[in-house]
>>> print(open('my_file18.txt').read())   # compact mmCIF, C-alpha atoms and all ligand atoms
# COMPACT_ATOMS: atom_id res chain seq x y z
CA MET P 1 170.14 -49.25 -70.03
CA SER P 2 169.49 -45.73 -71.17
CA TYR P 3 166.75 -45.42 -73.73
CA THR P 4 167.25 -43.68 -77.04
CA GLN P 5 164.36 -41.69 -78.46
CA LYS P 6 163.65 -44.48 -80.95
CA GLU P 7 163.67 -47.19 -78.26
CA ILE P 8 161.13 -45.27 -76.18
CA ILE P 9 158.84 -44.69 -79.17
CA ASP P 10 159.13 -48.36 -80.14
CA LEU P 11 157.64 -49.46 -76.80
CA VAL P 12 154.21 -48.48 -78.09
CA ARG P 13 152.61 -49.71 -81.32
CA PRO P 14 149.04 -48.99 -82.53
CA THR P 15 147.65 -52.24 -81.09
CA LYS P 16 150.24 -53.36 -78.56
CA VAL P 17 152.51 -52.10 -75.84
CA HIS P 18 155.79 -53.50 -74.54
CA ARG P 19 155.83 -54.98 -71.02
CA LYS P 20 158.72 -52.69 -70.03
CA VAL P 21 156.34 -49.73 -69.71
CA TYR P 22 155.13 -51.42 -66.51
CA THR P 23 158.27 -53.11 -65.26
CA ASP P 24 161.28 -50.90 -65.94
CA PRO P 25 162.18 -48.34 -63.21
CA GLU P 26 163.97 -46.27 -65.85
CA VAL P 27 160.79 -45.94 -67.90
CA PHE P 28 159.01 -44.86 -64.71
CA ASP P 29 161.61 -42.12 -64.10
CA LEU P 30 161.27 -40.94 -67.70
CA GLU P 31 157.47 -40.86 -67.32
CA MET P 32 157.76 -38.60 -64.27
CA GLU P 33 160.10 -36.28 -66.14
CA ARG P 34 158.51 -36.22 -69.59
CA LEU P 35 154.85 -37.00 -69.01
CA TRP P 36 153.87 -36.02 -65.45
CA ALA P 37 155.98 -32.86 -65.44
CA LYS P 38 154.65 -31.79 -68.86
CA THR P 39 150.92 -32.23 -68.38
CA TRP P 40 148.21 -30.96 -66.00
CA ILE P 41 148.08 -32.98 -62.78
CA TYR P 42 145.13 -32.94 -60.39
CA ILE P 43 146.04 -31.32 -57.08
CA GLY P 44 142.83 -31.07 -55.06
CA HIS P 45 139.49 -29.32 -54.71
CA GLU P 46 139.25 -25.70 -53.60
CA SER P 47 136.82 -26.73 -50.84
CA GLN P 48 139.73 -28.54 -49.14
CA VAL P 49 141.32 -25.13 -48.46
CA GLN P 50 138.31 -23.02 -47.58
CA ASP P 51 139.89 -20.52 -45.13
CA LYS P 52 142.79 -18.10 -45.43
CA GLY P 53 145.95 -20.05 -44.62
CA SER P 54 144.34 -23.49 -45.10
CA TYR P 55 146.59 -25.90 -46.95
CA ILE P 56 146.96 -29.49 -48.11
CA THR P 57 150.20 -31.23 -49.08
CA LEU P 58 150.81 -33.93 -51.65
CA ASN P 59 153.31 -35.13 -54.22
CA TYR P 60 153.12 -33.98 -57.84
CA GLY P 61 154.94 -36.96 -59.37
CA LYS P 62 158.06 -36.98 -57.19
CA VAL P 63 157.79 -33.28 -56.28
CA PRO P 64 156.35 -32.26 -52.87
CA VAL P 65 153.79 -29.45 -53.29
CA VAL P 66 151.40 -27.52 -51.08
CA MET P 67 148.04 -26.07 -52.15
CA VAL P 68 147.19 -23.07 -50.00
CA ARG P 69 144.50 -20.35 -49.74
CA ASP P 70 146.06 -16.87 -49.63
CA THR P 71 144.72 -13.90 -47.62
CA ASP P 72 143.09 -12.51 -50.80
CA MET P 73 141.36 -15.94 -51.14
CA GLU P 74 143.41 -16.91 -54.20
CA VAL P 75 144.55 -20.55 -54.27
CA HIS P 76 148.23 -21.22 -54.99
CA VAL P 77 150.13 -24.42 -55.68
CA LEU P 78 153.69 -24.05 -54.38
CA HIS P 79 156.77 -26.22 -54.38
CA ASN P 80 156.91 -27.44 -50.75
CA ARG P 81 160.61 -26.64 -50.37
CA CYS P 82 162.61 -24.05 -48.50
CA GLY P 83 164.61 -21.58 -50.62
CA HIS P 84 167.56 -21.83 -48.21
CA LYS P 85 168.75 -25.45 -48.16
CA GLY P 86 165.79 -27.20 -49.73
CA VAL P 87 164.11 -28.58 -46.60
CA LYS P 88 160.50 -29.69 -47.07
CA LEU P 89 158.59 -26.86 -45.42
CA VAL P 90 155.26 -28.42 -44.48
CA ASP P 91 155.09 -31.98 -43.25
CA LYS P 92 151.44 -32.36 -42.22
CA ALA P 93 148.80 -33.55 -44.72
CA CYS P 94 146.62 -30.50 -44.05
CA GLY P 95 146.29 -27.58 -41.64
CA LYS P 96 146.02 -23.82 -41.31
CA ILE P 97 148.87 -21.33 -40.87
CA PRO P 98 149.41 -17.54 -41.05
CA ALA P 99 152.69 -17.99 -43.00
CA PHE P 100 155.19 -20.75 -43.81
CA ARG P 101 158.18 -21.11 -41.48
CA CYS P 102 161.04 -23.53 -42.08
CA CYS P 103 161.82 -25.90 -39.21
CA TYR P 104 165.57 -25.70 -39.82
CA HIS P 105 166.78 -22.05 -39.73
CA GLY P 106 163.45 -20.27 -39.49
CA TRP P 107 163.10 -18.62 -42.93
CA ARG P 108 159.51 -17.41 -43.30
CA TYR P 109 157.36 -17.19 -46.44
CA ARG P 110 154.10 -15.46 -47.33
CA LEU P 111 151.16 -17.63 -48.39
CA ASP P 112 151.98 -16.88 -52.04
CA GLY P 113 155.47 -18.31 -51.45
CA LYS P 114 157.46 -15.04 -51.37
CA LEU P 115 160.33 -14.98 -48.88
CA LEU P 116 159.22 -12.82 -45.96
CA GLY P 117 162.03 -12.93 -43.46
CA VAL P 118 165.44 -14.42 -42.69
CA PRO P 119 166.66 -14.54 -39.05
CA TYR P 120 169.78 -12.48 -38.19
CA MET P 121 169.84 -10.79 -41.60
CA GLU P 122 172.90 -8.72 -40.58
CA SER P 123 175.11 -11.77 -41.15
CA TYR P 124 174.45 -11.43 -44.90
CA GLU P 125 175.70 -7.83 -45.00
CA ASP P 126 178.30 -7.16 -47.73
CA THR P 127 177.61 -10.52 -49.38
CA ALA P 128 175.93 -11.08 -52.75
CA PHE P 129 172.87 -12.61 -51.06
CA ASN P 130 169.70 -10.79 -52.10
CA LYS P 131 166.56 -11.75 -50.19
CA GLU P 132 164.41 -10.33 -53.02
CA ASP P 133 165.85 -12.75 -55.57
CA PRO P 134 162.92 -15.06 -56.57
CA GLN P 135 165.17 -18.13 -56.38
CA TYR P 136 164.97 -17.88 -52.56
CA SER P 137 161.14 -17.92 -52.53
CA MET P 138 158.96 -21.00 -52.63
CA GLN P 139 158.50 -21.72 -56.34
CA LYS P 140 154.96 -21.32 -57.65
CA LEU P 141 153.54 -23.88 -60.08
CA ARG P 142 151.26 -22.79 -62.90
CA SER P 143 147.75 -23.73 -61.72
CA ASP P 144 144.15 -23.39 -62.85
CA SER P 145 140.77 -24.85 -61.95
CA VAL P 146 137.51 -26.03 -63.46
CA ARG P 147 134.47 -25.75 -61.17
CA GLY P 148 136.76 -25.86 -58.11
CA PHE P 149 138.93 -28.82 -59.25
CA VAL P 150 142.51 -27.51 -59.15
CA PHE P 151 145.24 -28.75 -61.50
CA ALA P 152 148.87 -27.68 -61.78
CA THR P 153 151.62 -28.11 -64.33
CA MET P 154 155.37 -27.60 -64.46
CA ASN P 155 155.14 -26.88 -68.16
CA ALA P 156 154.91 -23.19 -69.09
CA ASP P 157 153.98 -24.24 -72.65
CA ALA P 158 151.10 -26.57 -71.72
CA PRO P 159 147.78 -25.60 -73.35
CA ASP P 160 145.30 -23.88 -71.03
CA LEU P 161 143.40 -26.27 -68.77
CA ARG P 162 140.05 -26.14 -70.64
CA THR P 163 141.73 -26.71 -74.01
CA TRP P 164 143.64 -29.64 -72.54
CA MET P 165 140.45 -31.20 -71.15
CA GLY P 166 138.58 -30.86 -74.47
CA GLY P 167 135.17 -32.56 -74.58
CA ALA P 168 136.01 -34.55 -71.44
CA ALA P 169 135.28 -31.34 -69.48
CA ASP P 170 131.55 -32.05 -70.07
CA VAL P 171 131.70 -34.77 -67.42
CA MET P 172 133.24 -32.50 -64.78
CA GLU P 173 130.59 -29.89 -65.61
CA ASN P 174 127.95 -32.58 -65.26
CA LEU P 175 129.25 -33.66 -61.83
CA CYS P 176 128.84 -30.07 -60.58
CA ASP P 177 125.55 -29.43 -62.42
CA ARG P 178 124.11 -32.34 -60.44
CA ALA P 179 124.21 -30.01 -57.41
CA PRO P 180 121.03 -27.91 -57.07
CA ASP P 181 123.32 -24.98 -56.10
CA GLY P 182 125.72 -25.72 -58.97
CA GLU P 183 128.71 -26.43 -56.70
CA VAL P 184 130.28 -29.42 -54.95
CA GLU P 185 132.53 -29.71 -51.93
CA ALA P 186 134.83 -32.46 -50.68
CA ALA P 187 133.23 -34.28 -47.75
CA GLY P 188 133.78 -37.35 -45.60
CA GLY P 189 137.59 -37.52 -45.77
CA VAL P 190 139.82 -39.57 -48.02
CA LEU P 191 140.43 -43.28 -48.55
CA ARG P 192 144.04 -44.05 -49.44
CA TYR P 193 144.79 -47.44 -50.89
CA GLU P 194 148.27 -48.73 -51.75
CA HIS P 195 148.44 -50.65 -55.00
CA GLU P 196 151.47 -52.87 -55.63
CA CYS P 197 151.45 -52.27 -59.35
CA ASN P 198 152.38 -49.75 -61.99
CA TRP P 199 150.17 -46.63 -62.05
CA LYS P 200 148.97 -47.34 -65.60
CA MET P 201 147.29 -50.60 -64.60
CA PHE P 202 144.72 -48.68 -62.57
CA ILE P 203 143.79 -46.22 -65.33
CA GLU P 204 143.80 -48.95 -67.99
CA ASN P 205 141.22 -50.88 -65.97
CA LEU P 206 138.96 -47.86 -65.58
CA ASN P 207 137.04 -48.24 -68.85
CA ASP P 208 137.87 -51.89 -69.40
CA MET P 209 134.30 -53.10 -69.93
CA MET P 210 135.38 -56.70 -70.43
CA HIS P 211 136.44 -57.30 -66.83
CA PRO P 212 133.56 -56.55 -64.37
CA MET P 213 131.45 -59.61 -65.20
CA VAL P 214 134.51 -61.83 -64.70
CA VAL P 215 136.56 -60.37 -61.86
CA HIS P 216 133.57 -59.13 -59.79
CA ARG P 217 131.34 -62.13 -60.48
CA SER P 218 131.72 -63.73 -57.03
CA VAL P 219 130.70 -60.51 -55.25
CA VAL P 220 127.64 -60.06 -57.44
CA GLU P 221 126.60 -63.70 -56.95
CA CYS P 222 126.94 -63.40 -53.16
CA ALA P 223 124.84 -60.22 -53.21
CA ARG P 224 122.17 -61.94 -55.33
CA ASP P 225 122.13 -64.98 -53.00
CA TYR P 226 121.78 -62.72 -49.96
CA ILE P 227 118.93 -60.73 -51.53
CA LYS P 228 117.04 -63.99 -52.20
CA THR P 229 116.97 -64.65 -48.44
CA LEU P 230 115.16 -61.36 -47.72
CA PRO P 231 111.37 -61.21 -47.31
CA PRO P 232 109.68 -60.03 -50.54
CA ASP P 233 108.44 -56.80 -48.94
CA SER P 234 111.95 -55.76 -47.73
CA PRO P 235 112.86 -52.14 -48.44
CA ARG P 236 115.11 -51.37 -51.41
CA LEU P 237 118.81 -51.68 -50.52
CA ASP P 238 121.26 -49.02 -51.73
CA GLU P 239 123.99 -51.68 -51.49
CA ALA P 240 122.14 -53.87 -53.99
CA GLU P 241 121.63 -50.99 -56.44
CA ILE P 242 125.34 -50.26 -56.31
CA LEU P 243 126.71 -53.82 -56.43
CA LEU P 244 124.49 -55.71 -58.87
CA PRO P 245 125.36 -53.67 -62.04
CA PHE P 246 128.96 -54.91 -61.69
CA GLY P 247 127.62 -58.20 -63.03
CA ALA P 248 126.02 -56.58 -66.11
CA SER P 249 126.37 -58.40 -69.45
CA TYR P 250 128.79 -57.59 -72.30
CA GLU P 251 125.80 -56.17 -74.23
CA VAL P 252 124.93 -53.71 -71.44
CA MET P 253 128.57 -52.65 -71.11
CA ASN P 254 128.81 -52.07 -74.86
CA ASP P 255 127.23 -48.55 -74.96
CA SER P 256 130.31 -46.54 -75.96
CA ILE P 257 133.72 -45.17 -75.06
CA THR P 258 134.70 -41.67 -76.14
CA GLY P 259 138.38 -40.75 -76.37
CA PHE P 260 140.01 -37.32 -76.62
CA LYS P 261 143.38 -35.73 -77.33
CA TYR P 262 145.88 -35.83 -74.45
CA GLY P 263 144.70 -39.31 -73.37
CA HIS P 264 141.33 -38.53 -71.74
CA HIS P 265 138.22 -40.70 -72.16
CA TYR P 266 134.86 -41.61 -70.68
CA ASP P 267 132.54 -44.55 -71.12
CA GLY P 268 128.77 -44.57 -71.34
CA GLY P 269 126.88 -41.36 -71.94
CA LYS P 270 123.49 -42.74 -72.86
CA THR P 271 123.66 -45.27 -70.07
CA SER P 272 126.04 -46.59 -67.45
CA ILE P 273 126.13 -48.90 -64.45
CA HIS P 274 124.79 -45.95 -62.42
CA ALA P 275 121.81 -45.25 -64.69
CA ASP P 276 119.20 -47.22 -62.76
CA TYR P 277 119.76 -45.71 -59.31
CA THR P 278 116.49 -44.72 -57.64
CA LEU P 279 115.94 -40.97 -57.89
CA ASP P 280 115.64 -39.54 -54.38
CA PRO P 281 112.33 -37.56 -54.39
CA GLU P 282 113.71 -34.78 -52.17
CA TYR P 283 116.75 -34.41 -54.44
CA ALA P 284 114.55 -34.43 -57.56
CA ALA P 285 112.42 -31.64 -56.07
CA ALA P 286 115.52 -29.54 -55.29
CA MET P 287 116.89 -30.06 -58.81
CA LYS P 288 113.56 -29.24 -60.44
CA SER P 289 113.26 -26.06 -58.44
CA ALA P 290 116.85 -25.05 -59.29
CA TYR P 291 116.90 -25.87 -63.01
CA GLY P 292 113.34 -26.65 -64.20
CA GLU P 293 112.29 -30.11 -65.30
CA ALA P 294 113.73 -30.12 -68.82
CA ARG P 295 117.25 -29.07 -67.73
CA MET P 296 117.12 -31.42 -64.73
CA ASN P 297 116.33 -34.35 -67.04
CA GLU P 298 119.13 -33.31 -69.39
CA ILE P 299 121.65 -33.22 -66.51
CA LEU P 300 120.59 -36.54 -64.99
CA SER P 301 120.41 -38.37 -68.32
CA PHE P 302 124.09 -37.78 -69.15
CA ASN P 303 125.12 -41.10 -67.70
CA THR P 304 128.81 -41.81 -67.79
CA HIS P 305 130.52 -44.50 -65.76
CA ASN P 306 134.18 -43.52 -65.42
CA THR P 307 136.07 -40.56 -66.85
CA LEU P 308 139.84 -40.25 -67.02
CA TYR P 309 141.71 -36.95 -67.15
CA TYR P 310 144.97 -38.55 -68.20
CA PRO P 311 147.04 -39.38 -66.25
CA SER P 312 146.08 -38.40 -62.71
CA LEU P 313 142.33 -37.97 -62.17
CA THR P 314 139.34 -40.23 -62.64
CA ILE P 315 135.79 -39.16 -61.81
CA LYS P 316 132.36 -40.69 -61.50
CA SER P 317 129.92 -37.82 -62.02
CA ALA P 318 126.79 -39.89 -61.39
CA ILE P 319 127.84 -40.87 -57.86
CA GLN P 320 130.10 -37.87 -57.12
CA ASN P 321 133.34 -39.50 -56.24
CA ILE P 322 136.79 -39.26 -57.73
CA ARG P 323 139.91 -41.39 -57.64
CA VAL P 324 143.32 -39.80 -57.83
CA VAL P 325 146.49 -41.53 -59.03
CA ARG P 326 149.69 -40.85 -57.04
CA PRO P 327 152.59 -42.91 -58.45
CA ILE P 328 155.36 -43.85 -55.99
CA ALA P 329 157.55 -46.25 -57.98
CA TYR P 330 157.30 -48.39 -61.12
CA ASN P 331 155.50 -51.05 -59.06
CA LYS P 332 153.80 -48.96 -56.35
CA THR P 333 150.91 -46.51 -56.61
CA ILE P 334 148.61 -44.84 -54.12
CA ILE P 335 144.99 -44.45 -55.20
CA GLU P 336 142.98 -41.87 -53.26
CA THR P 337 139.19 -41.78 -53.23
CA TRP P 338 137.47 -38.49 -52.43
CA SER P 339 133.71 -38.05 -52.07
CA PHE P 340 131.75 -34.87 -52.83
CA ARG P 341 128.63 -33.25 -51.40
CA LEU P 342 126.20 -31.76 -53.92
CA LYS P 343 125.47 -28.33 -52.46
CA GLY P 344 121.73 -27.80 -52.05
CA ALA P 345 120.99 -31.57 -52.11
CA PRO P 346 119.62 -33.58 -49.15
CA ASP P 347 122.11 -35.45 -46.91
CA SER P 348 120.88 -38.77 -48.33
CA MET P 349 122.83 -38.02 -51.53
CA LEU P 350 126.16 -37.70 -49.70
CA LYS P 351 125.32 -40.80 -47.68
CA LYS P 352 124.97 -42.81 -50.90
CA THR P 353 128.20 -41.35 -52.31
CA LEU P 354 130.09 -42.37 -49.16
CA LEU P 355 128.48 -45.81 -49.25
CA TYR P 356 129.69 -46.21 -52.84
CA SER P 357 133.22 -45.10 -51.95
CA ARG P 358 133.37 -47.59 -49.08
CA LEU P 359 131.63 -50.46 -50.84
CA ILE P 360 133.49 -50.23 -54.16
CA ASN P 361 136.74 -48.29 -53.75
CA SER P 362 138.21 -48.79 -50.28
CA ASN P 363 140.80 -51.45 -49.40
CA GLY P 364 138.16 -53.09 -47.21
CA SER P 365 135.55 -52.99 -49.97
CA MET P 366 133.92 -55.78 -51.94
CA VAL P 367 134.97 -54.68 -55.43
CA GLY P 368 138.30 -52.76 -55.36
CA PRO P 369 140.35 -55.69 -54.00
CA ASP P 370 139.17 -57.85 -56.95
CA ASP P 371 140.74 -55.35 -59.34
CA LEU P 372 143.86 -54.97 -57.23
CA THR P 373 144.42 -58.74 -57.30
CA ALA P 374 144.29 -58.64 -61.11
CA TYR P 375 146.76 -55.70 -61.28
CA PHE P 376 149.14 -57.35 -58.81
CA ARG P 377 149.09 -60.63 -60.73
CA ALA P 378 149.65 -58.73 -63.99
CA GLN P 379 152.64 -56.97 -62.44
CA GLN P 380 154.05 -60.33 -61.28
CA GLY P 381 153.42 -61.97 -64.65
CA LEU P 382 154.88 -59.14 -66.72
CA GLU P 383 158.09 -59.05 -64.68
CA SER P 384 158.89 -62.56 -65.90
CA GLU P 385 160.48 -63.23 -69.29
CA ALA P 386 157.94 -64.49 -71.80
CA SER P 387 156.35 -62.72 -74.75
CA ASP P 388 157.06 -59.01 -74.57
CA TRP P 389 153.82 -57.51 -75.86
CA ILE P 390 150.45 -56.70 -74.30
CA GLU P 391 147.71 -56.55 -76.89
CA MET P 392 144.98 -53.93 -77.42
CA HIS P 393 143.31 -54.94 -80.70
CA ARG P 394 139.64 -55.02 -79.67
CA HIS P 395 137.55 -53.09 -82.26
CA PHE P 396 140.75 -51.68 -83.80
CA GLY P 397 139.96 -49.91 -87.09
CA LYS P 398 136.24 -49.73 -86.28
CA ASP P 399 136.25 -46.68 -83.99
CA GLU P 400 134.65 -43.54 -85.42
CA VAL P 401 137.19 -40.72 -85.71
CA LEU P 402 135.60 -37.24 -85.41
CA THR P 403 137.30 -33.83 -85.32
CA ASP P 404 137.67 -33.59 -81.56
CA ARG P 405 137.05 -37.16 -80.38
CA VAL P 406 137.06 -40.87 -81.21
CA ILE P 407 133.96 -42.93 -80.42
CA GLY P 408 133.77 -46.69 -80.25
CA LYS P 409 131.86 -49.54 -78.69
CA GLY P 410 132.02 -49.84 -74.90
CA THR P 411 134.07 -52.99 -75.27
CA SER P 412 136.60 -51.33 -77.61
CA ASP P 413 140.22 -50.99 -76.52
CA LEU P 414 140.10 -47.39 -77.73
CA ASP P 415 140.55 -46.21 -74.13
CA VAL P 416 144.01 -47.77 -73.85
CA ARG P 417 144.88 -46.85 -77.43
CA THR P 418 143.92 -43.24 -76.57
CA GLN P 419 146.16 -43.33 -73.49
CA TYR P 420 149.16 -44.73 -75.34
CA THR P 421 148.83 -42.29 -78.24
CA ALA P 422 149.19 -39.53 -75.63
CA TRP P 423 151.95 -41.45 -73.78
CA ARG P 424 154.02 -41.67 -76.96
CA GLU P 425 153.62 -37.95 -77.67
CA TYR P 426 154.58 -36.91 -74.15
CA MET P 427 157.54 -39.29 -74.03
CA THR P 428 158.92 -38.03 -77.33
CA VAL P 429 161.34 -35.21 -76.67
CA ALA P 430 161.66 -32.52 -79.32
CA ALA P 431 164.98 -32.93 -81.17
S1 LIG P 501 166.76 -24.93 -44.80
FE1 LIG P 501 165.02 -23.73 -44.46
S2 LIG P 501 165.71 -22.11 -43.28
FE2 LIG P 501 167.49 -23.24 -43.65
FE FE P 502 136.69 -53.55 -61.58
>>> encode(input="my_file18.txt", output="structure tokens")
Amino acid sequence: MSYTQKEIIDLVRPTKVHRKVYTDPEVFDLEMERLWAKTWIYIGHESQVQDKGSYITLNYGKVPVVMVRDTDMEVHVLHNRCGHKGVKLVDKACGKIPAFRCCYHGWRYRLDGKLLGVPYMESYEDTAFNKEDPQYSMQKLRSDSVRGFVFATMNADAPDLRTWMGGAADVMENLCDRAPDGEVEAAGGVLRYEHECNWKMFIENLNDMMHPMVVHRSVVECARDYIKTLPPDSPRLDEAEILLPFGASYEVMNDSITGFKYGHHYDGGKTSIHADYTLDPEYAAAMKSAYGEARMNEILSFNTHNTLYYPSLTIKSAIQNIRVVRPIAYNKTIIETWSFRLKGAPDSMLKKTLLYSRLINSNGSMVGPDDLTAYFRAQQGLESEASDWIEMHRHFGKDEVLTDRVIGKGTSDLDVRTQYTAWREYMTVAA
């Protein structure tokens, strides 16, 4: 079927959403066109392209793009496509080059995408072909960054990046402020994890505070049982500090969720499942010397759990890792986990970040596969004919609506309601 405007809008109600948003390939295609192409999508971190000519490749929705560092050190996001016959120019995930050169007929491009040279140019003499015409260059996407995190959009009318982020930018600032030198860099490679489910299932789980104590219960119980076998004077285990809070009670998880325009949200603030991590004394000394004690305490006491920059980026500022959503099809999504080094901090901090990424987010981890099983079963269940609606009533009508944000209990469904309010707006095409 082809959806009318009204039929698309009717898929989302204030407290429920139709199962077709997860199961219909046509809705997926419309999302790529109307939502992903209209908003800011996370591309990568500037530290991934540190040198002139360094690049990474990825897909922006269905569009292949390359992020590259130019000779003047500017970072560009370019459509990874030759201006001649559309061949994908760069095939490797990352690398370093002096210029782009197409593998097919050898057209060459500068690092800012401009067409540089065409072999045997004489054969175009007395034709209308004009090498200077911008249509033959690699197309540049509008891009911008916050503290080194680069986003791009295909929408010339999108608000500027900071405006789009709104109050959710505080969490990205906090992630970087946790570095004594005020900067972070990607470190330790990437974990890529295929999820056989719709992309929205991952981001809807992010601040779902009703699931950890159920779906992760077996892992937490095993960890507790193992710890009981250790001698009482055993050293503190980082693994235990990371794993045990996943079994926290509903009361602990009920701090708050804060939602913003454009679908962003974070949970916690006063406290989170990361709040009780032991403070590394060497790190504390570096922070104190960089910021003074009062500012250090202010930075470290902003304790969020997960933050979503709808729809493509989720970050954990307290443990310095991010997860990136790369949709492939209506029922297939790649989730990438990247870890970050706090510049000026001791190596022990990165070690703990990498431990967290491995222990919680990788496909061989103890926690991520629990969530994936739930998403996969949801995908299977929703593809069958039964009732059509998925509910999101929890705390409905009790959230506090402020000028620039909505605040509710940690167990509120305001996170998903925030996402679907944005979804509906993006998916509505101006008449
Ligand atoms: S398709 Fe790239 S040079 Fe011909
Ligand atoms: Fe989970």
>>> residues_around(input="my_file18.txt", residues="Val215 of chain P", least_positions_apart="5", cutoff="9 Å", atoms="all atoms listed in the file", output="PDB file with C-alpha atoms, keeping the file's coordinate frame")
ATOM      1  CA  VAL P 367     134.970 -54.680 -55.430  1.00  0.00           C
ATOM      2  CA  ASP P 370     139.170 -57.850 -56.950  1.00  0.00           C
ATOM      3  CA  ASP P 371     140.740 -55.350 -59.340  1.00  0.00           C
ATOM      4  CA  ALA P 374     144.290 -58.640 -61.110  1.00  0.00           C
TER       5      ALA P 374
END
>>> closest_residue(input="my_file18.txt", among="P:Tyr226, P:Tyr375, P:Tyr277, P:Tyr310", to="ligand FE 502 (chain P)", atoms="only C-alpha atoms and all ligand atoms")
P:Tyr375
>>> residues_around(input="my_file18.txt", residues="Leu175 of chain P", least_positions_apart="3", cutoff="8 Å", atoms="only C-alpha atoms", output="PDB file with C-alpha atoms, in the coordinates of the input")
ATOM      1  CA  VAL P 171     131.700 -34.770 -67.420  1.00  0.00           C
ATOM      2  CA  MET P 172     133.240 -32.500 -64.780  1.00  0.00           C
ATOM      3  CA  ARG P 178     124.110 -32.340 -60.440  1.00  0.00           C
ATOM      4  CA  ALA P 179     124.210 -30.010 -57.410  1.00  0.00           C
ATOM      5  CA  LYS P 316     132.360 -40.690 -61.500  1.00  0.00           C
ATOM      6  CA  SER P 317     129.920 -37.820 -62.020  1.00  0.00           C
ATOM      7  CA  ALA P 318     126.790 -39.890 -61.390  1.00  0.00           C
ATOM      8  CA  GLN P 320     130.100 -37.870 -57.120  1.00  0.00           C
TER       9      GLN P 320
END
>>> residues_near_ligand(input="my_file18.txt", ligand="ligand LIG 501 (chain P)", cutoff="7 Å", atoms="only C-alpha atoms and all ligand atoms", output="list in words")
Cys82, Gly83, His84, Lys85, Gly86, Val87, Cys102, Cys103, Tyr104, His105, Gly106 and Trp107 of chain P
>>> residues_near_ligand(input="my_file18.txt", ligand="ligand FE 502 (chain P)", cutoff="10 Å", atoms="only C-alpha atoms and all ligand atoms", output="number ranges by chain")
P: 202, 205-216, 246, 360-361, 367-372, 374
>>> residues_around(input="my_file18.txt", residues="segment 272-276 of chain P", least_positions_apart="2", cutoff="6 Å", atoms="all atoms listed in the file", output="list of chain:residue names")
P:Pro245, P:Gly268, P:Asn303, P:Thr304, P:His305
>>> residues_around(input="my_file18.txt", residues="Arg110 of chain P", least_positions_apart="5", cutoff="8 Å", atoms="only C-alpha atoms", output="ChimeraX atom specification")
/P:99-100,115-116
>>> atom_distance(input="my_file18.txt", atom1="atom CA of Gly381 of chain P", atom2="atom CA of Cys197 of chain P")
11.2 Å
>>> closest_atom_pairs(input="my_file18.txt", of="segment 22-131 of chain P", to="segment 419-422 of chain P", cutoff="12 Å", atoms="all atoms listed in the file", output="tab-separated table")
residue	atom	partner	partner_atom	distance
P:Glu31	CA	P:Ala422	CA	11.8
P:Arg34	CA	P:Ala422	CA	11.6
P:Leu35	CA	P:Ala422	CA	9.1
P:Trp36	CA	P:Ala422	CA	11.7
P:Lys38	CA	P:Ala422	CA	11.6
P:Thr39	CA	P:Ala422	CA	10.4
>>> atom_distance(input="my_file18.txt", atom1="atom CA of Gln139 of chain P", atom2="atom CA of Lys88 of chain P")
12.4 Å
>>> residues_around(input="my_file18.txt", residues="Arg405 of chain P", least_positions_apart="4", cutoff="9 Å", atoms="only C-alpha atoms", output="ChimeraX atom specification")
/P:166-167,258-261,400-401
>>> atom_distance(input="my_file18.txt", atom1="atom CA of Gly344 of chain P", atom2="atom CA of Asp51 of chain P")
20.8 Å
>>> axis_aligned_box(input="my_file18.txt", around="segment 333-341 of chain P", padding_each_side="8 Å", output="lines of an AutoDock Vina configuration file")
center_x = 139.8
center_y = -39.9
center_z = -54.0
size_x = 38.3
size_y = 29.3
size_z = 21.2
>>> residues_near_point(input="my_file18.txt", point="(124.8, -26.9, -50.8)", cutoff="9 Å", atoms="all atoms listed in the file", output="PyMOL selection string")
chain P and resi 179-185+341-346
>>> closest_atom_pairs(input="my_file18.txt", of="segment 69-114 of chain P", to="segment 133-138 of chain P", cutoff="8 Å", atoms="only C-alpha atoms", output="tab-separated table")
residue	atom	partner	partner_atom	distance
P:Leu78	CA	P:Met138	CA	6.3
P:His79	CA	P:Met138	CA	5.9
P:Asn80	CA	P:Met138	CA	7.0
P:Arg81	CA	P:Met138	CA	6.3
P:Cys82	CA	P:Met138	CA	6.3
P:Gly83	CA	P:Tyr136	CA	4.2
P:His84	CA	P:Tyr136	CA	6.4
P:Tyr109	CA	P:Ser137	CA	7.2
P:Gly113	CA	P:Met138	CA	4.6
P:Lys114	CA	P:Ser137	CA	4.8
>>> residues_near_point(input="my_file18.txt", point="(159.0, -39.0, -78.5)", cutoff="8 Å", atoms="all atoms listed in the file", output="mmCIF file with C-alpha atoms, in the coordinates of the input")
data_model
loop_
_atom_site.group_PDB
_atom_site.id
_atom_site.type_symbol
_atom_site.label_atom_id
_atom_site.label_comp_id
_atom_site.auth_asym_id
_atom_site.auth_seq_id
_atom_site.Cartn_x
_atom_site.Cartn_y
_atom_site.Cartn_z
ATOM 1 C CA GLN P 5 164.360 -41.690 -78.460
ATOM 2 C CA LYS P 6 163.650 -44.480 -80.950
ATOM 3 C CA ILE P 8 161.130 -45.270 -76.180
ATOM 4 C CA ILE P 9 158.840 -44.690 -79.170
ATOM 5 C CA ARG P 424 154.020 -41.670 -76.960
ATOM 6 C CA GLU P 425 153.620 -37.950 -77.670
ATOM 7 C CA TYR P 426 154.580 -36.910 -74.150
ATOM 8 C CA MET P 427 157.540 -39.290 -74.030
ATOM 9 C CA THR P 428 158.920 -38.030 -77.330
ATOM 10 C CA VAL P 429 161.340 -35.210 -76.670
ATOM 11 C CA ALA P 430 161.660 -32.520 -79.320
#
